[in-house]
$ cat coords09.cif   # mmCIF, C-alpha atoms
data_protein
#
loop_
_atom_site.label_atom_id
_atom_site.label_comp_id
_atom_site.auth_asym_id
_atom_site.auth_seq_id
_atom_site.Cartn_x
_atom_site.Cartn_y
_atom_site.Cartn_z
CA MET A 562 -54.08 -13.58 -45.71
CA LEU A 563 -56.11 -10.89 -43.95
CA PRO A 564 -59.26 -10.06 -45.91
CA GLY A 565 -58.70 -7.28 -48.45
CA LEU A 566 -54.96 -6.94 -47.89
CA SER A 567 -52.20 -8.38 -50.03
CA ALA A 568 -48.63 -8.95 -48.91
CA PRO A 569 -46.45 -5.83 -48.48
CA GLN A 570 -43.92 -5.24 -51.24
CA SER A 571 -40.39 -4.37 -50.20
CA ARG A 572 -37.29 -3.24 -52.05
CA SER A 573 -34.00 -1.51 -51.44
CA LEU A 574 -32.82 1.56 -53.32
CA ALA A 575 -29.24 1.57 -54.59
CA ASN A 576 -27.98 3.26 -51.43
CA GLY A 577 -29.65 0.73 -49.11
CA ALA A 578 -32.68 2.77 -48.08
CA ARG A 579 -35.80 0.61 -47.83
CA VAL A 580 -39.18 1.21 -49.44
CA VAL A 581 -42.10 -0.93 -48.32
CA SER A 582 -45.56 -0.57 -49.82
CA LEU A 583 -49.01 -2.07 -49.72
CA ALA A 584 -51.78 -1.09 -52.13
CA MET A 585 -55.23 -0.44 -50.65
CA GLU A 586 -57.02 0.66 -53.77
CA GLU A 587 -60.37 1.13 -52.05
CA ALA A 588 -58.77 3.85 -49.88
CA PRO A 589 -59.35 7.45 -51.01
CA LEU A 590 -55.91 8.59 -49.84
CA VAL A 591 -52.23 7.70 -49.90
CA CYS A 592 -50.15 7.55 -46.71
CA LEU A 593 -46.48 8.51 -46.96
CA ASP A 594 -44.76 7.39 -43.76
CA PHE A 595 -41.04 8.06 -43.29
CA TRP A 596 -39.32 6.13 -40.49
CA CYS A 597 -35.79 6.53 -39.08
CA ARG A 598 -33.82 4.87 -36.30
CA ALA A 599 -33.35 8.23 -34.60
CA GLY A 600 -35.29 8.13 -31.33
CA SER A 601 -34.00 9.25 -27.95
CA VAL A 602 -32.32 5.90 -27.22
CA TRP A 603 -29.62 6.87 -29.76
CA GLU A 604 -28.77 10.15 -28.02
CA ARG A 605 -25.40 10.66 -26.43
CA PRO A 606 -25.43 12.23 -22.93
CA GLU A 607 -24.83 15.73 -24.29
CA GLU A 608 -27.65 15.26 -26.83
CA SER A 609 -30.49 14.74 -24.33
CA GLY A 610 -33.78 15.68 -25.99
CA ILE A 611 -32.26 16.43 -29.38
CA ALA A 612 -34.22 13.75 -31.27
CA HIS A 613 -37.54 15.34 -30.27
CA PHE A 614 -36.15 18.88 -30.70
CA LEU A 615 -35.09 17.92 -34.24
CA GLU A 616 -38.63 16.76 -34.99
CA HIS A 617 -39.75 20.30 -34.17
CA MET A 618 -37.01 21.90 -36.24
CA VAL A 619 -37.79 19.80 -39.30
CA PHE A 620 -41.08 21.69 -39.65
CA LYS A 621 -39.26 25.03 -39.49
CA GLY A 622 -38.15 24.66 -43.07
CA SER A 623 -35.50 23.07 -45.25
CA LYS A 624 -32.85 24.36 -47.59
CA ARG A 625 -35.58 24.66 -50.24
CA LEU A 626 -38.70 25.27 -48.15
CA ALA A 627 -39.29 28.35 -46.04
CA ALA A 628 -40.62 28.03 -42.51
CA GLY A 629 -44.27 27.05 -42.68
CA GLU A 630 -44.20 26.46 -46.45
CA PHE A 631 -44.40 22.67 -46.12
CA ASP A 632 -47.64 22.78 -44.12
CA LEU A 633 -49.19 25.35 -46.45
CA ARG A 634 -48.37 23.36 -49.57
CA ILE A 635 -49.50 20.02 -48.12
CA GLU A 636 -52.78 21.57 -47.01
CA ALA A 637 -53.23 23.20 -50.43
CA LEU A 638 -52.86 19.73 -51.96
CA GLY A 639 -55.64 18.45 -49.70
CA GLY A 640 -53.34 16.64 -47.28
CA SER A 641 -52.36 16.62 -43.63
CA SER A 642 -49.13 15.80 -41.81
CA ASN A 643 -47.85 14.82 -38.39
CA ALA A 644 -44.81 13.36 -36.67
CA ALA A 645 -43.83 11.51 -33.50
CA THR A 646 -40.60 10.81 -31.65
CA GLY A 647 -40.29 7.68 -29.53
CA PHE A 648 -37.54 5.97 -27.60
CA ASP A 649 -36.40 3.91 -30.60
CA ASP A 650 -37.42 5.79 -33.71
CA VAL A 651 -39.05 8.84 -35.23
CA HIS A 652 -41.56 8.98 -38.04
CA PHE A 653 -43.15 11.66 -40.20
CA HIS A 654 -46.31 10.92 -42.12
CA VAL A 655 -48.49 12.61 -44.70
CA LEU A 656 -52.04 11.67 -45.74
CA ILE A 657 -52.73 13.06 -49.21
CA PRO A 658 -54.96 12.49 -52.28
CA PRO A 659 -53.31 10.10 -54.76
CA GLU A 660 -53.03 12.66 -57.56
CA ALA A 661 -50.90 14.86 -55.26
CA ALA A 662 -48.84 12.05 -53.71
CA ALA A 663 -45.76 12.52 -55.91
CA GLU A 664 -45.48 16.19 -55.02
CA GLY A 665 -46.24 15.43 -51.37
CA LEU A 666 -43.50 12.82 -51.28
CA GLU A 667 -40.96 15.24 -52.73
CA LEU A 668 -41.93 17.86 -50.14
CA LEU A 669 -41.78 15.37 -47.25
CA LEU A 670 -38.36 13.99 -48.14
CA ASP A 671 -36.93 17.45 -48.71
CA LEU A 672 -38.22 18.63 -45.34
CA VAL A 673 -36.99 15.63 -43.34
CA LEU A 674 -33.66 14.99 -45.04
CA ALA A 675 -32.44 18.58 -45.53
CA PRO A 676 -33.65 20.68 -42.55
CA ALA A 677 -32.38 24.25 -42.57
CA LEU A 678 -31.73 24.46 -38.80
CA ASP A 679 -31.75 28.25 -38.99
CA PRO A 680 -30.18 29.71 -35.80
CA ASP A 681 -33.01 32.21 -35.19
CA ALA A 682 -35.67 29.55 -35.67
CA PHE A 683 -33.59 27.22 -33.48
CA ALA A 684 -33.62 29.70 -30.59
CA MET A 685 -37.37 30.28 -30.90
CA GLU A 686 -38.23 26.61 -31.16
CA ARG A 687 -36.04 25.77 -28.16
CA GLN A 688 -38.42 27.92 -26.09
CA VAL A 689 -41.36 25.92 -27.43
CA VAL A 690 -39.65 22.66 -26.45
CA LEU A 691 -38.74 24.03 -23.01
CA GLU A 692 -42.36 25.05 -22.50
CA GLU A 693 -43.49 21.56 -23.50
CA LEU A 694 -41.04 20.12 -20.97
CA ALA A 695 -42.26 22.52 -18.26
CA GLN A 696 -45.86 21.53 -18.93
CA SER A 697 -44.92 17.87 -18.63
CA GLU A 698 -43.09 18.50 -15.36
CA ASP A 699 -46.16 20.38 -14.10
CA GLN A 700 -48.39 17.32 -14.58
CA PRO A 701 -48.04 15.18 -11.42
CA ASP A 702 -49.24 11.99 -13.14
CA GLU A 703 -46.58 12.39 -15.85
CA VAL A 704 -43.92 13.09 -13.19
CA ALA A 705 -44.94 9.87 -11.42
CA VAL A 706 -44.54 7.76 -14.58
CA GLN A 707 -41.20 9.39 -15.45
CA THR A 708 -39.97 8.75 -11.90
CA LEU A 709 -40.97 5.10 -12.25
CA LEU A 710 -39.00 4.71 -15.50
CA SER A 711 -35.95 6.52 -14.11
CA ARG A 712 -35.91 4.22 -11.06
CA ALA A 713 -36.53 1.13 -13.20
CA CYS A 714 -33.86 1.92 -15.83
CA PRO A 715 -31.28 4.16 -14.16
CA GLN A 716 -28.48 3.23 -16.60
CA HIS A 717 -30.50 3.23 -19.82
CA ASN A 718 -31.92 5.96 -22.08
CA TYR A 719 -35.37 4.42 -21.59
CA GLY A 720 -35.17 5.88 -18.09
CA LEU A 721 -34.67 9.43 -19.42
CA PRO A 722 -37.44 11.72 -20.71
CA ILE A 723 -37.82 11.81 -24.48
CA LEU A 724 -38.32 15.57 -24.14
CA GLY A 725 -34.83 15.82 -22.66
CA LEU A 726 -33.22 17.41 -19.63
CA LYS A 727 -33.56 21.19 -19.32
CA GLU A 728 -29.88 21.92 -18.73
CA ARG A 729 -28.90 19.91 -21.81
CA LEU A 730 -31.58 21.53 -23.98
CA LEU A 731 -30.29 24.95 -23.01
CA ALA A 732 -26.82 23.98 -24.24
CA HIS A 733 -27.90 22.59 -27.63
CA THR A 734 -26.69 24.30 -30.79
CA PRO A 735 -27.67 24.01 -34.45
CA SER A 736 -24.30 22.38 -35.16
CA LEU A 737 -24.91 19.70 -32.51
CA MET A 738 -28.32 19.00 -34.04
CA ALA A 739 -26.87 18.91 -37.55
CA ALA A 740 -24.31 16.35 -36.38
CA PHE A 741 -27.06 14.17 -34.88
CA HIS A 742 -29.07 14.42 -38.09
CA GLN A 743 -26.05 13.54 -40.23
CA ARG A 744 -25.19 10.58 -37.98
CA ARG A 745 -28.67 9.09 -37.69
CA TYR A 746 -30.52 10.02 -40.90
CA THR A 747 -28.54 7.76 -43.20
CA ALA A 748 -29.77 5.43 -45.92
CA GLU A 749 -29.58 2.14 -44.03
CA ARG A 750 -31.41 3.64 -41.03
CA CYS A 751 -34.39 4.94 -43.03
CA VAL A 752 -37.57 3.32 -44.34
CA LEU A 753 -40.33 4.83 -46.43
CA ALA A 754 -43.73 3.14 -46.12
CA LEU A 755 -46.40 3.75 -48.76
CA THR A 756 -50.02 2.62 -48.50
CA GLY A 757 -53.38 3.47 -49.98
CA ALA A 758 -54.34 4.14 -53.60
CA LEU A 759 -50.83 3.56 -54.93
CA ASP A 760 -51.70 2.73 -58.53
CA ALA A 761 -53.25 6.15 -58.95
CA ALA A 762 -50.35 7.81 -57.11
CA ARG A 763 -47.66 6.56 -59.55
CA LEU A 764 -44.73 6.99 -57.18
CA ASP A 765 -42.20 4.49 -58.62
CA GLY A 766 -40.59 6.96 -60.98
CA VAL A 767 -40.34 9.58 -58.23
CA LEU A 768 -38.40 7.37 -55.83
CA GLU A 769 -35.32 6.68 -57.95
CA GLY A 770 -34.46 10.36 -58.23
CA SER A 771 -35.62 11.35 -54.76
CA ALA A 772 -33.72 12.75 -51.81
CA LEU A 773 -34.10 9.32 -50.18
CA ALA A 774 -32.20 7.68 -53.07
CA ARG A 775 -29.42 10.28 -52.73
CA LEU A 776 -29.04 9.79 -48.99
CA PRO A 777 -25.52 8.64 -48.03
CA ARG A 778 -24.86 5.49 -46.07
CA GLY A 779 -23.55 5.71 -42.53
CA ASP A 780 -21.50 3.61 -40.18
CA GLY A 781 -23.14 0.52 -38.71
CA ASP A 782 -24.96 0.87 -35.41
CA LEU A 783 -23.49 -0.40 -32.21
CA GLU A 784 -25.84 -2.90 -30.60
CA LEU A 785 -27.86 -1.16 -27.93
CA PRO A 786 -27.88 -2.66 -24.44
CA GLU A 787 -31.06 -4.36 -23.35
CA ILE A 788 -32.90 -2.85 -20.42
CA GLN A 789 -32.53 -4.45 -17.04
CA VAL A 790 -35.46 -3.31 -14.93
CA GLN A 791 -34.31 -2.72 -11.36
CA SER A 792 -36.88 -4.08 -8.93
CA GLY A 793 -37.52 -2.09 -5.79
CA ARG A 794 -40.04 0.05 -3.94
CA HIS A 795 -40.18 3.84 -3.90
CA ARG A 796 -42.52 6.46 -2.45
CA LEU A 797 -43.12 9.83 -4.04
CA GLU A 798 -45.02 12.86 -2.70
CA LEU A 799 -46.36 15.13 -5.43
CA PRO A 800 -48.11 18.49 -5.07
CA ARG A 801 -51.49 18.77 -6.83
CA LEU A 802 -51.79 15.02 -7.31
CA GLU A 803 -55.53 14.45 -6.95
CA SER A 804 -55.48 10.74 -6.10
CA ALA A 805 -52.78 8.33 -5.03
CA ARG A 806 -51.30 6.03 -7.66
CA LEU A 807 -49.64 2.67 -7.51
CA LEU A 808 -47.27 2.31 -10.44
CA MET A 809 -45.51 -0.93 -11.33
CA VAL A 810 -43.33 -1.79 -14.31
CA TRP A 811 -41.95 -5.13 -15.46
CA GLN A 812 -39.44 -6.03 -18.15
CA LEU A 813 -40.74 -8.10 -21.06
CA PRO A 814 -39.07 -9.42 -24.25
CA ALA A 815 -37.99 -6.99 -26.95
CA GLY A 816 -39.98 -6.29 -30.10
CA ARG A 817 -37.87 -8.60 -32.24
CA ASP A 818 -39.35 -11.60 -30.39
CA GLN A 819 -42.74 -11.34 -32.05
CA ARG A 820 -44.14 -14.53 -30.55
CA ALA A 821 -43.28 -13.36 -27.04
CA VAL A 822 -44.88 -9.98 -27.81
CA MET A 823 -48.13 -11.70 -28.75
CA GLY A 824 -47.95 -13.69 -25.53
CA ALA A 825 -47.42 -10.49 -23.55
CA ASP A 826 -50.44 -8.96 -25.29
CA LEU A 827 -52.54 -11.96 -24.27
CA LEU A 828 -51.24 -11.70 -20.72
CA THR A 829 -52.01 -7.99 -20.23
CA THR A 830 -55.44 -8.58 -21.79
CA LEU A 831 -56.16 -11.47 -19.41
CA LEU A 832 -55.27 -9.35 -16.41
CA ALA A 833 -56.57 -5.87 -17.16
CA GLU A 834 -58.50 -5.47 -20.44
CA GLY A 835 -62.17 -4.79 -19.76
CA ARG A 836 -64.48 -5.31 -16.81
CA ARG A 837 -64.19 -9.10 -17.02
CA SER A 838 -60.40 -9.10 -16.78
CA ARG A 839 -59.00 -10.40 -13.53
CA LEU A 840 -57.51 -7.25 -12.00
CA VAL A 841 -60.36 -4.97 -13.04
CA GLU A 842 -63.02 -7.39 -11.84
CA ARG A 843 -61.32 -8.02 -8.48
CA LEU A 844 -60.02 -4.58 -7.53
CA ARG A 845 -62.61 -2.26 -9.09
CA GLU A 846 -65.80 -4.29 -9.37
CA GLN A 847 -65.60 -6.54 -6.30
CA LEU A 848 -63.31 -4.89 -3.73
CA ARG A 849 -63.92 -1.34 -4.99
CA ILE A 850 -60.52 -0.17 -3.80
CA VAL A 851 -59.42 1.50 -7.06
CA GLU A 852 -60.94 4.16 -9.26
CA SER A 853 -59.21 2.56 -12.24
CA ILE A 854 -56.52 0.03 -13.01
CA ASP A 855 -54.68 -0.31 -16.32
CA LEU A 856 -51.90 -2.60 -17.51
CA ASP A 857 -50.38 -1.43 -20.78
CA LEU A 858 -47.86 -3.18 -23.02
CA HIS A 859 -45.14 -0.96 -24.49
CA VAL A 860 -43.22 -2.85 -27.18
CA MET A 861 -39.68 -1.53 -27.72
CA GLU A 862 -36.47 -2.71 -29.28
CA CYS A 863 -34.25 -2.87 -26.18
CA GLY A 864 -36.87 -4.66 -24.14
CA SER A 865 -40.56 -4.05 -23.61
CA PHE A 866 -42.47 -2.79 -20.58
CA ALA A 867 -45.67 -3.88 -18.90
CA LEU A 868 -46.75 -0.76 -17.00
CA LEU A 869 -49.51 -0.91 -14.40
CA GLU A 870 -51.24 2.14 -12.97
CA ALA A 871 -53.87 1.90 -10.24
CA VAL A 872 -55.62 5.07 -9.05
CA CYS A 873 -56.90 4.88 -5.48
CA GLU A 874 -56.99 6.57 -2.09
CA ALA A 875 -53.65 6.86 -0.32
CA ASP A 876 -54.73 4.56 2.52
CA GLU A 877 -55.66 1.88 -0.02
CA LEU A 878 -52.20 1.60 -1.61
CA GLU A 879 -51.13 -1.37 0.49
CA PRO A 880 -54.42 -3.27 0.07
CA VAL A 881 -54.27 -2.62 -3.68
CA GLU A 882 -50.78 -4.04 -3.92
CA GLN A 883 -51.78 -7.05 -1.82
CA ALA A 884 -54.78 -7.68 -4.06
CA ILE A 885 -52.60 -7.52 -7.18
CA ARG A 886 -50.30 -10.13 -5.69
CA ALA A 887 -53.29 -12.31 -4.75
CA VAL A 888 -54.67 -12.16 -8.30
CA TRP A 889 -51.25 -13.06 -9.71
CA ASN A 890 -50.92 -16.02 -7.33
CA GLU A 891 -54.41 -17.27 -8.20
CA THR A 892 -53.70 -16.95 -11.92
CA MET A 893 -50.47 -18.91 -11.48
CA GLY A 894 -52.21 -21.63 -9.50
CA HIS A 895 -55.45 -22.29 -11.36
CA PRO A 896 -56.05 -23.18 -15.03
CA ILE A 897 -57.42 -20.48 -17.30
CA GLY A 898 -60.92 -21.45 -18.40
CA ASP A 899 -61.81 -21.94 -22.05
CA ALA A 900 -64.25 -19.02 -22.18
CA GLU A 901 -61.74 -16.65 -20.59
CA TRP A 902 -58.99 -17.83 -22.94
CA GLN A 903 -61.16 -17.37 -26.01
CA ARG A 904 -62.08 -13.89 -24.85
CA CYS A 905 -58.40 -12.93 -24.58
CA GLN A 906 -57.56 -14.31 -28.01
CA ARG A 907 -60.54 -12.56 -29.55
CA LEU A 908 -59.70 -9.17 -28.02
CA VAL A 909 -56.05 -9.33 -29.07
CA SER A 910 -56.79 -10.49 -32.61
CA ASN A 911 -59.54 -7.91 -33.06
CA GLY A 912 -57.27 -5.14 -31.82
CA TYR A 913 -54.64 -6.12 -34.38
CA ARG A 914 -57.19 -6.27 -37.20
CA PHE A 915 -58.69 -2.89 -36.27
CA GLY A 916 -55.24 -1.34 -36.67
CA LEU A 917 -55.21 -2.42 -40.31
CA GLU A 918 -58.39 -0.65 -41.36
CA SER A 919 -56.79 2.61 -42.50
CA PRO A 920 -53.81 3.44 -44.75
CA GLY A 921 -52.17 5.24 -41.82
CA GLY A 922 -52.42 2.22 -39.54
CA VAL A 923 -51.05 -0.13 -42.19
CA ALA A 924 -48.20 2.25 -43.08
CA GLY A 925 -47.23 2.56 -39.45
CA LEU A 926 -47.13 -1.21 -39.02
CA ILE A 927 -45.21 -2.13 -42.17
CA GLY A 928 -42.90 0.87 -41.82
CA CYS A 929 -41.92 0.05 -38.24
CA ASN A 930 -41.53 -3.64 -39.05
CA ALA A 931 -39.26 -2.92 -42.02
CA LEU A 932 -37.21 -0.44 -40.00
CA TRP A 933 -36.41 -3.14 -37.45
CA GLY A 934 -35.90 -6.02 -39.84
CA ARG A 935 -39.31 -7.62 -39.37
CA GLU A 936 -40.55 -7.66 -42.94
CA GLN A 937 -43.18 -10.32 -42.43
CA PRO A 938 -46.63 -11.25 -43.73
CA LEU A 939 -49.36 -9.19 -42.11
CA GLN A 940 -51.05 -12.33 -40.83
CA GLN A 941 -47.94 -13.58 -39.03
CA PRO A 942 -48.77 -11.98 -35.65
CA LEU A 943 -52.18 -13.67 -35.76
CA GLU A 944 -50.55 -16.98 -36.60
CA LEU A 945 -48.13 -16.53 -33.68
CA LEU A 946 -51.07 -15.66 -31.45
CA GLY A 947 -52.62 -19.01 -32.32
CA THR A 948 -49.52 -20.92 -31.20
CA TRP A 949 -50.05 -19.91 -27.57
CA THR A 950 -51.99 -22.11 -25.18
CA ALA A 951 -53.44 -21.07 -21.86
CA GLN A 952 -51.10 -23.46 -20.09
CA GLU A 953 -48.00 -22.08 -21.79
CA LEU A 954 -49.09 -18.53 -20.96
CA GLN A 955 -49.23 -19.50 -17.29
CA GLU A 956 -45.94 -21.36 -17.33
CA ALA A 957 -43.81 -19.17 -19.61
CA ALA A 958 -45.26 -15.65 -19.62
CA LEU A 959 -47.09 -15.09 -16.33
CA PRO A 960 -43.91 -15.51 -14.19
CA LEU A 961 -42.50 -12.42 -15.92
CA LEU A 962 -45.17 -10.37 -14.10
CA ASP A 963 -44.27 -11.68 -10.65
CA PRO A 964 -44.93 -8.65 -8.40
CA SER A 965 -41.58 -9.24 -6.69
CA ARG A 966 -39.82 -8.54 -10.03
CA ALA A 967 -41.48 -5.15 -10.52
CA CYS A 968 -40.19 -1.68 -9.90
CA VAL A 969 -42.87 -0.06 -7.76
CA VAL A 970 -43.63 3.61 -7.10
CA GLN A 971 -46.31 4.73 -4.66
CA ALA A 972 -47.23 8.30 -5.58
CA VAL A 973 -49.25 10.21 -3.00
CA PRO A 974 -50.54 13.80 -2.78
CA ALA A 975 -48.08 16.04 -0.93
#
$ encode --input "coords09.cif" --output "structure tokens"
Amino acid sequence: MLPGLSAPQSRSLANGARVVSLAMEEAPLVCLDFWCRAGSVWERPEESGIAHFLEHMVFKGSKRLAAGEFDLRIEALGGSSNAATGFDDVHFHVLIPPEAAAEGLELLLDLVLAPALDPDAFAMERQVVLEELAQSEDQPDEVAVQTLLSRACPQHNYGLPILGLKERLLAHTPSLMAAFHQRRYTAERCVLALTGALDAARLDGVLEGSALARLPRGDGDLELPEIQVQSGRHRLELPRLESARLLMVWQLPAGRDQRAVMGADLLTTLLAEGRRSRLVERLREQLRIVESIDLDLHVMECGSFALLEAVCEADELEPVEQAIRAVWNETMGHPIGDAEWQRCQRLVSNGYRFGLESPGGVAGLIGCNALWGREQPLQQPLELLGTWTAQELQEAALPLLDPSRACVVQAVPA
């Protein structure tokens, strides 16, 4: 068991909604984290952007709360709130003192599960979302990444912007949003994660009579198609792009394969985490042909991404790509040394442990895991990490990052 943390407790309400909790009595706060399988991957073509738009509209009031009342009352209780929409899911969380947690929970569930979707507020908030989309489209680095995903996943919602397509956003109506909310925010698709000073919060009695317990069940989900990253090479000219970028994306196993995810984390750490990692050391420290090079792991439910971004001069794009291939070939062909392997394991395990230091981090982890059927001991990822050997990483994981399997975009200033 991780020091200071017990096993998460999990139960189902009568309607099938899940509640997962973990007491952290030394924490001064309680985290209320509501999760729902309602990200952009679940949108129908005519609903493009509606999951994120709905996140905005939730904060415009419910059938019991006026616009802005939720924020005012949470702040008056000494709390704070936020929300995020991803490809797979959406979550809303509140950090609040334990003595106010019961009231905060009632406010949160009312806001999320019974949004008013007032037509006037809808029209005003649509302009906010459209402005957010315009700002994103005005950032050349964001355009480059979105182009990469659209070329890599042309037949999948992972290739579409979470913010949505402008023409579809302009056509959205409150009734369309209400239908999406009714379809996705159902009992079996929702999880409430609770962490922090739970004994002082005394939330058990609140849950049974809550809006979450009254939530109806929905129809079962159709199984989503896994991504199939389309390899290929593309060139993109972008106005106002300050430096050229080489972008590469590879398909990796989905989040449900936790052991493979830990292997992917080791792999991206080996290649591009810190100055001693292979790509950073070779391309930035030795060859000095990049300003920066990053390789990030994005774990998702229809298949994960390893996304590489190298910032360089336009005339260095080809040498950069050649150097990446050379590093990959060398890593395939020569054993990973003990010191390098221990460094990777240490960085990955420390990163996981650091994420469990706050109630918010723990709530996010156990809430997401429960949402996707991974109700597991907190130490399990570390145990899975320990099952990997350097040789297996080379033989089983490294081939997944073969440069010839990547979708590649060269973005250059116009």
$ closest_residue --input "coords09.cif" --among "A:Arg598, A:Ala821, A:Asp855, A:Ala662" --to "A:Arg836" --atoms "all atoms listed in the file"
A:Asp855
$ residues_near_point --input "coords09.cif" --point "(-44.9, 14.8, -55.9)" --cutoff "12 Å" --atoms "only C-alpha atoms" --output "PyMOL selection string"
chain A and resi 591+593+634-635+638+655+657-671+762-768+770-771
$ resolve_selection --input "coords09.cif" --expression "the PyMOL selection byres ((chain A and resi 619) around 8)" --output "PyMOL selection string"
chain A and resi 615-618+620-623+672-673+676-678
$ residues_around --input "coords09.cif" --residues "stretch 831-835 of chain A" --least-positions-apart "5" --cutoff "8 Å" --atoms "all atoms listed in the file" --output "PyMOL selection string"
chain A and resi 840-841+854-856+901-902+905
$ residues_near_point --input "coords09.cif" --point "(-46.7, 2.4, -12.9)" --cutoff "7 Å" --atoms "all atoms listed in the file" --output "list in words"
Val706, Leu709, Leu807, Leu808, Met809, Val810, Leu868, Leu869, Glu870, Val969 and Val970 of chain A
$ resolve_selection --input "coords09.cif" --expression "the PyMOL selection byres ((chain A and resi 971) around 12)" --output "ChimeraX atom specification"
/A:702,705-706,708-709,793-799,802,804-809,869-879,881-882,968-970,972-974
$ residues_around --input "coords09.cif" --residues "A:Leu583" --least-positions-apart "4" --cutoff "9 Å" --atoms "only C-alpha atoms" --output "list in words"
Leu566, Ser567, Ala568, Pro569, Gln570, Ser571, Ala754, Leu755, Thr756, Gly757, Leu759, Pro920, Val923, Ala924 and Ile927 of chain A
$ resolve_selection --input "coords09.cif" --expression "the PyMOL selection byres ((chain A and resi 713) around 8)" --output "list in words"
Leu709, Leu710, Ser711, Arg712, Cys714, Pro715, Gly720, Gln789, Val790, Gln791, Ser792, Val810 and Cys968 of chain A
$ write_last_selection --input "coords09.cif" --atoms "C-alpha atoms" --output "PDB file, in the coordinates of the input"
ATOM      1  CA  LEU A 709     -40.970   5.100 -12.250  1.00  0.00           C
ATOM      2  CA  LEU A 710     -39.000   4.710 -15.500  1.00  0.00           C
ATOM      3  CA  SER A 711     -35.950   6.520 -14.110  1.00  0.00           C
ATOM      4  CA  ARG A 712     -35.910   4.220 -11.060  1.00  0.00           C
ATOM      5  CA  CYS A 714     -33.860   1.920 -15.830  1.00  0.00           C
ATOM      6  CA  PRO A 715     -31.280   4.160 -14.160  1.00  0.00           C
ATOM      7  CA  GLY A 720     -35.170   5.880 -18.090  1.00  0.00           C
ATOM      8  CA  GLN A 789     -32.530  -4.450 -17.040  1.00  0.00           C
ATOM      9  CA  VAL A 790     -35.460  -3.310 -14.930  1.00  0.00           C
ATOM     10  CA  GLN A 791     -34.310  -2.720 -11.360  1.00  0.00           C
ATOM     11  CA  SER A 792     -36.880  -4.080  -8.930  1.00  0.00           C
ATOM     12  CA  VAL A 810     -43.330  -1.790 -14.310  1.00  0.00           C
ATOM     13  CA  CYS A 968     -40.190  -1.680  -9.900  1.00  0.00           C
TER      14      CYS A 968
END
$ closest_residue --input "coords09.cif" --among "A:Val860, A:Met893, A:Val822, A:Ala774" --to "A:Glu956" --atoms "all atoms listed in the file"
A:Met893
$ atom_distance --input "coords09.cif" --atom1 "atom CA of A:Cys863" --atom2 "atom CA of A:Gly647"
12.6 Å
$ residues_around --input "coords09.cif" --residues "A:Pro964" --least-positions-apart "6" --cutoff "8 Å" --atoms "only C-alpha atoms" --output "count of residues only"
3
$ closest_residue --input "coords09.cif" --among "A:Ser838, A:Leu844, A:Asp857, A:Ala761" --to "A:Met585" --atoms "all atoms listed in the file"
A:Ala761
$ atom_distance --input "coords09.cif" --atom1 "atom CA of A:Arg625" --atom2 "atom CA of A:Ala675"
8.3 Å
$ atom_distance --input "coords09.cif" --atom1 "atom CA of A:Arg935" --atom2 "atom CA of A:Tyr719"
21.8 Å
$ build_atoms --input "coords09.cif" --residues "stretch 659-669 of chain A" --atoms "N, CA and C atoms" --output "CSV table (one decimal), in the coordinates of the input"
chain,number,residue,atom,x,y,z
A,659,PRO,N,-54.3,10.8,-53.9
A,659,PRO,CA,-53.3,10.1,-54.8
A,659,PRO,C,-52.7,11.0,-55.9
A,660,GLU,N,-53.5,11.8,-56.5
A,660,GLU,CA,-53.0,12.7,-57.6
A,660,GLU,C,-52.0,13.7,-57.1
A,661,ALA,N,-51.9,13.9,-55.8
A,661,ALA,CA,-50.9,14.9,-55.3
A,661,ALA,C,-49.8,14.1,-54.5
A,662,ALA,N,-49.8,12.8,-54.5
A,662,ALA,CA,-48.8,12.0,-53.7
A,662,ALA,C,-47.4,12.3,-54.1
A,663,ALA,N,-47.1,12.3,-55.4
A,663,ALA,CA,-45.8,12.5,-55.9
A,663,ALA,C,-45.2,13.8,-55.4
A,664,GLU,N,-46.0,14.9,-55.5
A,664,GLU,CA,-45.5,16.2,-55.0
A,664,GLU,C,-45.4,16.2,-53.5
A,665,GLY,N,-46.3,15.5,-52.8
A,665,GLY,CA,-46.2,15.4,-51.4
A,665,GLY,C,-45.0,14.7,-50.9
A,666,LEU,N,-44.7,13.6,-51.6
A,666,LEU,CA,-43.5,12.8,-51.3
A,666,LEU,C,-42.2,13.6,-51.4
A,667,GLU,N,-42.1,14.4,-52.5
A,667,GLU,CA,-41.0,15.2,-52.7
A,667,GLU,C,-40.8,16.3,-51.6
A,668,LEU,N,-42.0,16.9,-51.2
A,668,LEU,CA,-41.9,17.9,-50.1
A,668,LEU,C,-41.5,17.2,-48.8
A,669,LEU,N,-42.1,16.0,-48.5
A,669,LEU,CA,-41.8,15.4,-47.2
A,669,LEU,C,-40.3,15.0,-47.2
